[in-house]
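File shown: start_14.txt. Contents: compact mmCIF, C-alpha atoms.
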```
# COMPACT_ATOMS: atom_id res chain seq x y z
CA MET F 1 -71.44 -43.57 -16.43
CA LYS F 2 -68.70 -43.54 -19.04
CA THR F 3 -66.25 -41.00 -20.34
CA ARG F 4 -66.07 -40.34 -24.05
CA SER F 5 -62.69 -41.61 -25.14
CA ASN F 6 -60.31 -39.68 -27.36
CA SER F 7 -57.49 -41.89 -28.63
CA SER F 8 -55.14 -39.01 -29.43
CA HIS F 9 -55.47 -37.58 -25.91
CA SER F 10 -56.02 -34.20 -27.52
CA ILE F 11 -59.21 -32.18 -27.76
CA VAL F 12 -60.21 -28.64 -28.66
CA LEU F 13 -63.23 -26.93 -27.11
CA ASP F 14 -64.17 -24.16 -29.53
CA ASN F 15 -66.61 -21.30 -30.09
CA THR F 16 -67.56 -20.72 -26.47
CA VAL F 17 -67.67 -17.93 -23.92
CA ILE F 18 -64.92 -18.66 -21.39
CA TRP F 19 -65.08 -17.84 -17.68
CA PRO F 20 -61.48 -18.63 -16.70
CA GLY F 21 -62.09 -18.14 -12.97
CA ASP F 22 -60.50 -14.72 -12.46
CA GLY F 23 -63.50 -12.55 -13.31
CA ARG F 24 -62.85 -12.22 -17.03
CA GLU F 25 -65.12 -13.32 -19.86
CA PHE F 26 -64.17 -13.73 -23.52
CA HIS F 27 -65.08 -15.70 -26.63
CA GLY F 28 -62.45 -18.25 -27.49
CA HIS F 29 -61.20 -21.83 -27.49
CA VAL F 30 -59.25 -24.21 -25.26
CA VAL F 31 -56.70 -26.77 -26.41
CA ILE F 32 -56.33 -29.81 -24.15
CA ARG F 33 -53.56 -32.41 -24.32
CA ASP F 34 -52.98 -35.40 -22.05
CA GLY F 35 -55.50 -34.23 -19.50
CA LYS F 36 -54.14 -30.71 -19.10
CA ILE F 37 -54.92 -27.36 -20.65
CA GLU F 38 -52.30 -26.52 -23.25
CA LYS F 39 -53.64 -23.25 -24.71
CA VAL F 40 -56.40 -20.75 -24.00
CA GLU F 41 -56.94 -18.28 -26.82
CA THR F 42 -59.51 -15.77 -28.01
CA GLY F 43 -61.43 -16.27 -31.24
CA ARG F 44 -62.26 -19.41 -33.19
CA PHE F 45 -59.86 -22.34 -33.51
CA SER F 46 -58.38 -22.31 -37.03
CA GLN F 47 -56.16 -25.40 -37.17
CA PRO F 48 -56.97 -28.59 -39.16
CA GLN F 49 -57.75 -30.60 -36.00
CA ASP F 50 -61.42 -31.28 -35.34
CA ALA F 51 -62.92 -29.21 -32.53
CA VAL F 52 -65.95 -29.52 -30.27
CA ASP F 53 -68.30 -26.65 -31.06
CA LEU F 54 -69.73 -25.23 -27.81
CA SER F 55 -71.77 -22.46 -29.42
CA GLY F 56 -74.28 -20.99 -26.99
CA LEU F 57 -72.55 -22.44 -23.92
CA PHE F 58 -70.28 -20.95 -21.27
CA LEU F 59 -67.10 -22.81 -20.28
CA SER F 60 -65.76 -22.67 -16.73
CA PRO F 61 -63.42 -24.67 -14.51
CA GLY F 62 -65.05 -27.61 -12.79
CA LEU F 63 -66.65 -26.85 -9.43
CA ILE F 64 -64.76 -27.61 -6.20
CA ASP F 65 -66.79 -28.46 -3.09
CA LEU F 66 -64.82 -28.01 0.15
CA MET F 67 -67.47 -29.33 2.53
CA LEU F 68 -69.49 -32.28 1.27
CA LEU F 69 -70.87 -34.64 3.92
CA GLY F 70 -72.67 -36.85 1.40
CA GLY F 71 -75.36 -36.74 -1.24
CA PHE F 72 -77.54 -38.66 -3.67
CA GLY F 73 -78.80 -40.85 -0.81
CA ARG F 74 -75.26 -41.94 0.13
CA SER F 75 -72.86 -41.23 2.96
CA VAL F 76 -69.12 -41.79 3.27
CA LEU F 77 -69.28 -44.10 6.28
CA ARG F 78 -72.14 -46.25 5.00
CA ASP F 79 -71.50 -46.28 1.25
CA GLY F 80 -67.99 -44.93 0.72
CA PRO F 81 -66.88 -41.77 -1.09
CA ARG F 82 -66.43 -43.17 -4.60
CA GLU F 83 -70.10 -43.40 -5.59
CA ILE F 84 -70.75 -39.95 -4.17
CA ALA F 85 -67.79 -38.60 -6.17
CA ARG F 86 -69.10 -40.24 -9.34
CA GLU F 87 -72.52 -38.63 -8.93
CA ALA F 88 -70.91 -35.30 -8.04
CA ALA F 89 -68.99 -35.32 -11.32
CA ARG F 90 -72.23 -35.73 -13.24
CA ILE F 91 -73.52 -32.40 -11.89
CA GLY F 92 -70.25 -30.55 -12.60
CA VAL F 93 -68.45 -30.94 -9.26
CA THR F 94 -65.05 -32.18 -10.40
CA SER F 95 -63.16 -32.04 -7.06
CA VAL F 96 -64.45 -32.83 -3.58
CA LEU F 97 -63.22 -32.32 -0.03
CA PHE F 98 -65.49 -34.46 2.11
CA CYS F 99 -66.47 -33.38 5.62
CA GLY F 100 -66.76 -35.71 8.59
CA GLY F 101 -69.01 -33.52 10.70
CA MET F 102 -69.21 -34.40 14.39
CA ILE F 103 -68.47 -38.11 14.80
CA GLY F 104 -66.60 -40.20 17.37
CA TRP F 105 -62.93 -41.12 17.24
CA LYS F 106 -63.46 -44.64 15.91
CA ALA F 107 -65.75 -43.25 13.23
CA ASN F 108 -63.09 -40.66 12.35
CA VAL F 109 -60.53 -43.41 11.84
CA LYS F 110 -62.93 -45.39 9.66
CA TYR F 111 -63.82 -42.24 7.73
CA ALA F 112 -60.15 -41.47 7.09
CA ARG F 113 -59.55 -45.03 5.87
CA LYS F 114 -62.33 -44.77 3.30
CA ILE F 115 -61.09 -41.36 2.15
CA ARG F 116 -57.53 -42.67 1.88
CA GLU F 117 -58.65 -45.49 -0.39
CA ALA F 118 -60.54 -43.07 -2.63
CA MET F 119 -57.58 -40.68 -2.82
CA HIS F 120 -55.21 -43.44 -3.92
CA VAL F 121 -57.44 -44.96 -6.61
CA ARG F 122 -58.18 -42.51 -9.41
CA ASP F 123 -61.60 -43.11 -10.93
CA PRO F 124 -61.76 -41.43 -14.37
CA CYS F 125 -65.53 -40.99 -14.02
CA ALA F 126 -65.49 -39.47 -10.53
CA ALA F 127 -64.68 -36.13 -8.98
CA ARG F 128 -61.18 -35.96 -7.57
CA VAL F 129 -61.19 -36.76 -3.87
CA LEU F 130 -58.96 -34.12 -2.26
CA GLY F 131 -59.28 -35.66 1.19
CA TRP F 132 -61.59 -34.62 4.00
CA TYR F 133 -62.21 -31.77 6.42
CA PRO F 134 -62.46 -32.79 10.11
CA GLU F 135 -64.86 -30.08 11.26
CA GLY F 136 -64.75 -31.85 14.62
CA PRO F 137 -63.58 -32.93 17.13
CA PHE F 138 -61.73 -29.75 18.17
CA LEU F 139 -64.69 -27.43 18.60
CA ASP F 140 -66.79 -25.93 21.37
CA PRO F 141 -69.23 -28.68 22.40
CA LYS F 142 -71.81 -26.04 23.40
CA LEU F 143 -71.92 -24.76 19.82
CA THR F 144 -72.41 -27.92 17.80
CA ALA F 145 -75.82 -28.97 16.52
CA ALA F 146 -75.21 -32.67 17.05
CA LEU F 147 -73.33 -35.10 19.30
CA PRO F 148 -71.40 -32.67 21.54
CA GLU F 149 -70.07 -35.66 23.48
CA HIS F 150 -67.67 -36.33 20.61
CA ALA F 151 -65.88 -32.98 21.06
CA LEU F 152 -62.26 -33.28 22.23
CA PRO F 153 -59.85 -30.70 23.66
CA PRO F 154 -56.94 -29.92 21.31
CA THR F 155 -54.30 -31.30 23.66
CA PRO F 156 -50.84 -32.19 22.28
CA GLY F 157 -51.74 -35.86 22.65
CA ASN F 158 -54.97 -35.56 20.68
CA VAL F 159 -53.36 -33.41 18.00
CA HIS F 160 -50.44 -35.78 17.49
CA ARG F 161 -52.76 -38.76 17.45
CA MET F 162 -54.85 -37.06 14.76
CA LEU F 163 -51.75 -36.40 12.65
CA ASP F 164 -50.27 -39.85 13.21
CA GLU F 165 -53.40 -41.85 12.44
CA MET F 166 -54.98 -39.82 9.66
CA GLY F 167 -52.76 -36.86 8.79
CA ASP F 168 -52.29 -38.05 5.22
CA THR F 169 -56.02 -37.68 4.53
CA PHE F 170 -56.95 -34.12 5.51
CA PRO F 171 -55.53 -30.83 4.14
CA LEU F 172 -57.93 -28.68 6.21
CA ILE F 173 -58.96 -29.03 9.87
CA ASN F 174 -60.97 -26.97 12.35
CA VAL F 175 -59.64 -25.77 15.71
CA SER F 176 -62.08 -23.50 17.52
CA PRO F 177 -60.53 -20.41 19.15
CA GLY F 178 -61.08 -20.22 22.89
CA LEU F 179 -60.45 -23.87 23.67
CA ASP F 180 -57.64 -24.72 26.07
CA GLY F 181 -54.58 -25.50 23.97
CA ASP F 182 -55.91 -23.87 20.79
CA VAL F 183 -52.76 -21.89 19.90
CA GLU F 184 -50.37 -24.82 20.39
CA ALA F 185 -52.65 -27.10 18.37
CA ILE F 186 -52.85 -24.63 15.49
CA ARG F 187 -49.07 -24.28 15.41
CA SER F 188 -48.69 -28.05 15.30
CA PHE F 189 -51.14 -28.45 12.44
CA VAL F 190 -49.62 -25.59 10.44
CA ALA F 191 -46.13 -27.05 10.97
CA ALA F 192 -47.51 -30.31 9.53
CA GLY F 193 -48.64 -28.47 6.40
CA LYS F 194 -52.35 -28.26 7.27
CA VAL F 195 -54.71 -25.37 6.65
CA VAL F 196 -56.55 -24.46 9.87
CA SER F 197 -60.08 -23.07 10.03
CA MET F 198 -62.13 -21.63 12.88
CA ALA F 199 -65.81 -22.39 13.42
CA HIS F 200 -68.30 -23.41 16.11
CA CYS F 201 -67.02 -21.08 18.80
CA ASN F 202 -67.88 -17.93 20.72
CA ALA F 203 -64.33 -16.68 21.25
CA SER F 204 -63.37 -13.12 22.08
CA VAL F 205 -61.41 -10.90 19.72
CA MET F 206 -58.25 -11.45 21.75
CA GLN F 207 -58.65 -15.24 21.66
CA THR F 208 -59.37 -15.16 17.94
CA GLU F 209 -56.41 -12.93 17.13
CA ARG F 210 -54.06 -15.24 19.03
CA CYS F 211 -55.22 -18.08 16.81
CA LEU F 212 -54.74 -15.99 13.67
CA GLU F 213 -51.23 -15.17 14.80
CA ALA F 214 -50.61 -18.91 15.27
CA GLY F 215 -51.70 -19.62 11.68
CA THR F 216 -55.48 -19.97 11.38
CA SER F 217 -56.38 -18.71 7.90
CA VAL F 218 -59.96 -19.81 7.14
CA LEU F 219 -63.34 -18.95 8.64
CA GLY F 220 -65.75 -21.87 8.40
CA HIS F 221 -69.39 -21.39 7.31
CA PHE F 222 -69.82 -17.65 7.84
CA ASN F 223 -72.43 -16.41 10.35
CA CYS F 224 -74.08 -19.73 11.14
CA ASN F 225 -71.81 -21.12 13.85
CA ASN F 226 -72.13 -18.99 16.98
CA ARG F 227 -74.78 -17.24 19.06
CA GLY F 228 -73.30 -13.75 19.08
CA ARG F 229 -71.55 -12.16 22.04
CA MET F 230 -72.77 -9.63 24.63
CA ASP F 231 -70.74 -7.95 27.33
CA GLU F 232 -71.78 -7.43 30.97
CA GLU F 233 -73.52 -4.16 30.08
CA GLY F 234 -75.62 -5.77 27.36
CA ARG F 235 -73.66 -4.42 24.40
CA ARG F 236 -72.91 -6.60 21.39
CA VAL F 237 -69.21 -7.40 21.07
CA PRO F 238 -67.34 -8.77 18.03
CA THR F 239 -67.43 -12.44 17.04
CA ILE F 240 -65.03 -14.47 14.91
CA GLU F 241 -67.09 -13.34 11.89
CA ASP F 242 -66.48 -9.69 12.69
CA VAL F 243 -62.75 -10.35 13.01
CA ALA F 244 -62.73 -12.24 9.70
CA LEU F 245 -64.32 -9.28 7.91
CA THR F 246 -61.54 -6.96 9.05
CA ASP F 247 -58.39 -9.08 9.33
CA ASP F 248 -56.43 -10.02 6.20
CA ARG F 249 -54.90 -13.00 7.96
CA VAL F 250 -58.21 -14.70 7.26
CA ARG F 251 -57.47 -15.58 3.65
CA PHE F 252 -60.74 -17.35 2.85
CA ILE F 253 -64.27 -17.27 4.25
CA HIS F 254 -66.60 -20.22 3.65
CA VAL F 255 -70.25 -19.36 3.00
CA ILE F 256 -73.17 -21.79 2.82
CA CYS F 257 -75.61 -20.40 0.25
CA ASP F 258 -78.74 -22.52 0.56
CA GLY F 259 -80.67 -19.48 1.82
CA VAL F 260 -81.26 -20.99 5.28
CA HIS F 261 -77.85 -21.41 6.91
CA THR F 262 -76.77 -17.87 6.03
CA ASP F 263 -79.07 -14.91 5.46
CA PRO F 264 -78.52 -13.16 2.10
CA VAL F 265 -77.72 -9.93 3.98
CA PHE F 266 -74.77 -11.65 5.66
CA VAL F 267 -73.58 -13.01 2.30
CA ARG F 268 -73.66 -9.53 0.79
CA GLN F 269 -71.97 -8.11 3.89
CA CYS F 270 -69.15 -10.61 3.53
CA LEU F 271 -68.77 -9.87 -0.17
CA ARG F 272 -68.74 -6.11 0.40
CA ALA F 273 -66.18 -6.33 3.22
CA ARG F 274 -63.67 -8.78 1.74
CA GLY F 275 -64.38 -9.04 -1.98
CA ILE F 276 -65.03 -12.06 -4.18
CA GLU F 277 -61.38 -13.10 -4.08
CA HIS F 278 -61.75 -14.22 -0.44
CA LEU F 279 -65.08 -16.09 -0.60
CA CYS F 280 -65.64 -19.82 -1.05
CA VAL F 281 -69.17 -21.14 -1.47
CA VAL F 282 -69.37 -24.47 0.39
CA THR F 283 -72.34 -26.80 0.68
CA ASP F 284 -72.35 -28.66 4.03
CA THR F 285 -74.62 -31.04 2.10
CA HIS F 286 -75.99 -34.08 3.92
CA SER F 287 -76.53 -37.56 2.47
CA GLN F 288 -79.96 -36.62 1.13
CA GLY F 289 -78.68 -33.85 -1.10
CA GLY F 290 -80.26 -34.22 -4.52
CA CYS F 291 -82.99 -36.50 -3.13
CA PRO F 292 -86.75 -35.97 -2.64
CA ASP F 293 -88.03 -34.46 0.59
CA GLY F 294 -88.83 -36.73 3.51
CA PRO F 295 -87.39 -38.49 6.57
CA PHE F 296 -84.12 -40.42 6.40
CA GLN F 297 -81.88 -42.27 8.79
CA ALA F 298 -78.25 -41.38 9.57
CA GLU F 299 -75.51 -43.95 10.15
CA ASP F 300 -75.94 -43.74 13.92
CA GLY F 301 -79.66 -44.49 13.71
CA ARG F 302 -80.98 -40.98 14.25
CA THR F 303 -83.84 -39.86 12.03
CA PHE F 304 -83.62 -36.54 10.19
CA ILE F 305 -85.97 -34.81 7.79
CA LYS F 306 -85.04 -33.28 4.45
CA LYS F 307 -87.29 -30.43 3.41
CA GLY F 308 -86.35 -28.08 0.63
CA PRO F 309 -82.77 -26.85 0.81
CA VAL F 310 -81.88 -28.24 4.28
CA ALA F 311 -81.98 -31.25 6.58
CA ARG F 312 -83.15 -30.98 10.19
CA THR F 313 -83.48 -33.06 13.33
CA MET F 314 -86.96 -34.16 14.38
CA GLU F 315 -86.89 -31.18 16.78
CA GLY F 316 -86.22 -28.78 13.91
CA ARG F 317 -82.49 -28.04 14.38
CA LEU F 318 -80.32 -27.71 11.27
CA VAL F 319 -78.01 -30.64 10.60
CA GLY F 320 -76.84 -29.76 7.11
CA SER F 321 -77.81 -28.50 3.71
CA ALA F 322 -79.63 -30.50 1.05
CA TRP F 323 -78.57 -28.47 -1.97
CA MET F 324 -75.62 -29.45 -4.12
CA LEU F 325 -72.96 -26.96 -5.23
CA PRO F 326 -74.53 -25.93 -8.58
CA ASP F 327 -77.73 -25.08 -6.66
CA GLN F 328 -75.83 -23.00 -4.15
CA PHE F 329 -73.80 -21.30 -6.87
CA ARG F 330 -76.99 -20.17 -8.57
CA ASN F 331 -78.34 -18.97 -5.23
CA PHE F 332 -75.09 -17.11 -4.52
CA ILE F 333 -75.61 -15.20 -7.76
CA GLN F 334 -79.22 -14.53 -6.80
CA MET F 335 -78.11 -13.21 -3.40
CA THR F 336 -75.25 -11.03 -4.60
CA ARG F 337 -76.29 -10.10 -8.16
CA LEU F 338 -72.74 -10.77 -9.28
CA PRO F 339 -72.32 -11.72 -12.94
CA PRO F 340 -71.47 -15.42 -13.37
CA ARG F 341 -68.02 -14.62 -14.77
CA GLU F 342 -67.13 -13.08 -11.39
CA ALA F 343 -69.15 -15.37 -9.13
CA ILE F 344 -67.59 -18.53 -10.61
CA ARG F 345 -64.40 -17.74 -8.70
CA ALA F 346 -66.08 -18.62 -5.40
CA VAL F 347 -66.61 -22.23 -6.50
CA THR F 348 -63.43 -22.77 -8.55
CA LEU F 349 -60.25 -20.71 -8.15
CA ASN F 350 -60.78 -19.69 -4.52
CA PRO F 351 -61.42 -23.23 -3.20
CA ALA F 352 -58.36 -24.45 -5.08
CA ALA F 353 -56.22 -21.60 -3.71
CA SER F 354 -57.46 -22.18 -0.18
CA LEU F 355 -55.82 -25.62 -0.29
CA GLY F 356 -52.73 -24.44 -2.17
CA LEU F 357 -53.87 -26.07 -5.42
CA GLU F 358 -54.30 -22.98 -7.61
CA SER F 359 -51.43 -24.04 -9.90
CA VAL F 360 -53.15 -27.40 -10.46
CA SER F 361 -56.87 -26.69 -10.78
CA GLY F 362 -59.58 -24.08 -10.36
CA ALA F 363 -58.79 -22.01 -13.46
CA ILE F 364 -58.84 -22.27 -17.24
CA ALA F 365 -55.17 -21.60 -17.86
CA PRO F 366 -52.22 -23.46 -19.42
CA GLY F 367 -50.86 -26.21 -17.22
CA ARG F 368 -54.04 -26.68 -15.17
CA MET F 369 -55.99 -29.92 -15.10
CA ALA F 370 -58.64 -29.98 -17.81
CA ASP F 371 -61.55 -30.43 -15.42
CA LEU F 372 -64.14 -28.27 -17.12
CA ILE F 373 -67.89 -27.75 -17.36
CA ALA F 374 -70.19 -26.07 -19.89
CA TRP F 375 -73.26 -24.13 -18.73
CA ASP F 376 -76.29 -22.98 -20.69
CA SER F 377 -77.74 -19.48 -20.37
CA SER F 378 -79.95 -20.65 -17.47
CA LEU F 379 -76.87 -21.75 -15.52
CA ARG F 380 -77.60 -25.44 -15.88
CA VAL F 381 -74.66 -27.79 -16.34
CA ARG F 382 -74.78 -29.32 -19.81
CA ARG F 383 -71.37 -30.98 -20.35
CA VAL F 384 -68.53 -32.11 -18.09
CA TRP F 385 -64.89 -33.01 -18.80
CA LEU F 386 -62.60 -34.78 -16.34
CA ALA F 387 -58.92 -34.52 -17.31
CA GLY F 388 -60.01 -33.65 -20.82
CA ARG F 389 -62.35 -36.61 -21.28
CA GLU F 390 -66.05 -35.92 -21.48
CA ILE F 391 -68.56 -37.68 -19.27
CA SER F 392 -71.06 -39.31 -21.58
CA GLU F 393 -74.12 -37.91 -19.78
CA VAL F 394 -74.79 -35.43 -17.04
CA SER F 395 -77.14 -36.12 -14.14
CA PRO F 396 -80.92 -35.74 -14.53
CA LEU F 397 -80.59 -33.27 -11.64
CA CYS F 398 -79.08 -30.85 -14.15
CA GLU F 399 -82.40 -30.79 -16.03
CA ARG F 400 -84.41 -29.76 -12.99
CA LYS F 401 -85.78 -26.24 -12.91
CA TYR F 402 -84.55 -24.25 -9.92
CA GLU F 403 -86.59 -21.43 -8.45
CA ASN F 404 -83.44 -19.46 -7.70
CA SER F 405 -81.72 -19.96 -11.06
CA ASN F 406 -81.49 -17.27 -13.68
CA ASP F 407 -84.08 -18.96 -15.91
```
Kindly transcribe the structure held in the file into structure tokens.
Amino acid sequence: MKTRSNSSHSIVLDNTVIWPGDGREFHGHVVIRDGKIEKVETGRFSQPQDAVDLSGLFLSPGLIDLMLLGGFGRSVLRDGPREIAREAARIGVTSVLFCGGMIGWKANVKYARKIREAMHVRDPCAARVLGWYPEGPFLDPKLTAALPEHALPPTPGNVHRMLDEMGDTFPLINVSPGLDGDVEAIRSFVAAGKVVSMAHCNASVMQTERCLEAGTSVLGHFNCNNRGRMDEEGRRVPTIEDVALTDDRVRFIHVICDGVHTDPVFVRQCLRARGIEHLCVVTDTHSQGGCPDGPFQAEDGRTFIKKGPVARTMEGRLVGSAWMLPDQFRNFIQMTRLPPREAIRAVTLNPAASLGLESVSGAIAPGRMADLIAWDSSLRVRRVWLAGREISEVSPLCERKYENSND
């Protein structure tokens, strides 16, 4: 894969419908200089400089995936993040936060080392590697689909070790409410500049609110991480999801939209309760994302099966999604019936803002990185720009017909 060079480091994308990321839609043009957006204006470009005519296409910020375990037949531990990031760019995902899932401590250290290397070496043909998201080890071992023996309590020693050995590689980390030491751990991570999420737990409202007070601000993968709660009289009591729908201290809610992890009713419920400005579509995509159906082997030797939009254990338990972010974006629109100009926020501006990067990426606005993609009317990615330089060809996956697209 190559990028199309432009010796003047200046390019104009003209005659297109622009979805800037904030819900608006207008016909206009974008001026890019030295990898950043210089101007965004309505109407046709009228200066002498040559422009790229994007007639019939829709221009949006590049997609940002906050929870990518792997894809394209590759995993971070086995193959490294760079090749995954290169393939991700070819489908319009221009920034990636990898996710380590539930792995042991030594594997975490190795994972962080590979991520660190990818963060420090900028590949002009690859999605930007924003770091990784340690979904484990600080979660309830009873509520993880795989390898509960790798769960650790969030003791001061474990928290400080995590920060000391790999703190430069993760902007977001999970600490499940209800664990002994949860509040102190959250305060330590927030003091270190980390965003803290909550997932894989069955905490009470009181336990959850203590964690929110300590600084937790993200709910991980909405309504697919606990079993629900019942009191002694058999009445349903609130879960962390219910708290997140009613408490503004939860700034962002992550939603997996492959149609299996989260029922469309829950997705619509979340949208109705909090609004599009608080939703982030995330993938939780396994190494076989974008690959044909069939069995495959994980790094630890276990055999999983990819079928349709998800991957499962041999016993049938979910272990991750198999749809990439453009697939899930289309399905999010199918679930919610939002127009693309509004829905695009959940895969661009919101993910950037959730990591404090909204002034850098996630929007088509002056000063932002010129990571951009052009869609056709069927919501298929047709062209991709990384820092203002176009990738010479998009992935064949972008040509595939999707049952849940707006074809």
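Neighbouring residues of F:Asn350 at 8 Å or closer, counting all atoms listed in the file and skipping chain neighbours under 6 positions away, are Phe252, Glu277, His278, Leu279, Cys280, Glu358 and Gly362 of chain F.
One finds atom CA of F:Ser75 at 23.0 Å from atom CA of F:Glu393.
All residues of protein, DNA or RNA that reach within 6 Å of stretch 49-64 of chain F, judged by all atoms listed in the file and not counting those fewer than 4 positions away in the chain, are Val12, Leu13, Asp14, Asn15, Thr16, Val17, Ile18, Trp19, Pro20, Gly92, Val93, Thr94, Ser95, Val96, Val347, Thr348, Gly362, Ala363, Ile364, Asp371, Leu372, Ile373, Ala374, Trp375 and Asp376 of chain F.
Atom CA of F:Ala322 is positioned 14.7 Å from atom CA of F:Gly101.
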Restricting to all atoms listed in the file, whichever of F:Pro340, F:Gly21, F:Gly136, F:Gly320 is closest to F:Ala298 is F:Gly320
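Among F:Lys142, F:Arg249, F:Arg380, F:Arg78, the residue with the shortest atom-to-atom distance to F:Asp300, counting all atoms listed in the file, is F:Arg78.
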Quick one: residues within 12 Å of stretch 116-127 of chain F, all atoms listed in the file counted, chain neighbours fewer than 3 positions away excluded, as a PyMOL selection string? chain F and resi 1-5+35+62-65+68+76+80-98+109-113+130-132+165-170+371-372+384-394
Go ahead and compute the interatomic distance for atom CA of F:Arg341 and atom CA of F:Glu25, in Å to one decimal. 6.0 Å
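Ranking F:Asp34, F:Glu399, F:Asp258, F:Asp248 by their shortest atom-to-atom distance to F:Val281, with only C-alpha atoms included, puts F:Asp258 first.
The nearest approach to F:Arg337 among the residues F:Arg268, F:Val159, F:Ala352, F:Cys99, with all atoms listed in the file taken into account, belongs to F:Arg268.
Residue neighbourhood of F:Ser217, excluding near-sequence residues (fewer than 2 positions): Val190, Val195, Val196, Ser197, Met198, Cys211, Leu212, Glu213, Ala214, Gly215, Leu219, Gly220, Ala244, Asp247, Asp248, Arg249, Val250, Arg251, Phe252, Ile253 and Ser354 of chain F, at 10 Å, using only C-alpha atoms.
When only C-alpha atoms are used to measure the gap to F:His9, the shortest distance among F:Ala370, F:Val129, F:Ala107, F:Ile186 belongs to F:Ala370.
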Hey, can I get the axis-aligned box for stretch 158-172 of chain F? All listed atoms, 6 Å padding on each side, centre and edge lengths in Å to one decimal, as lines of an AutoDock Vina configuration file.
```
center_x = -54.1
center_y = -35.3
center_z = 12.4
size_x = 19.7
size_y = 25.2
size_z = 28.5
```
Excluding F:Val243 and any residue of its chain fewer than 5 positions from it, enumerate the residues within 9 Å of it, using all atoms listed in the file, and give them as a PDB file with C-alpha atoms, keeping the file's coordinate frame.
```pdb
ATOM      1  CA  VAL F 205     -61.410 -10.900  19.720  1.00  0.00           C
ATOM      2  CA  THR F 208     -59.370 -15.160  17.940  1.00  0.00           C
ATOM      3  CA  GLU F 209     -56.410 -12.930  17.130  1.00  0.00           C
ATOM      4  CA  PRO F 238     -67.340  -8.770  18.030  1.00  0.00           C
ATOM      5  CA  VAL F 250     -58.210 -14.700   7.260  1.00  0.00           C
TER       6      VAL F 250
END
```
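Proximity of F:Ser10, F:Ser361, F:Thr285, F:Gln297 to F:Leu325, computed with all atoms listed in the file, is greatest for F:Thr285.
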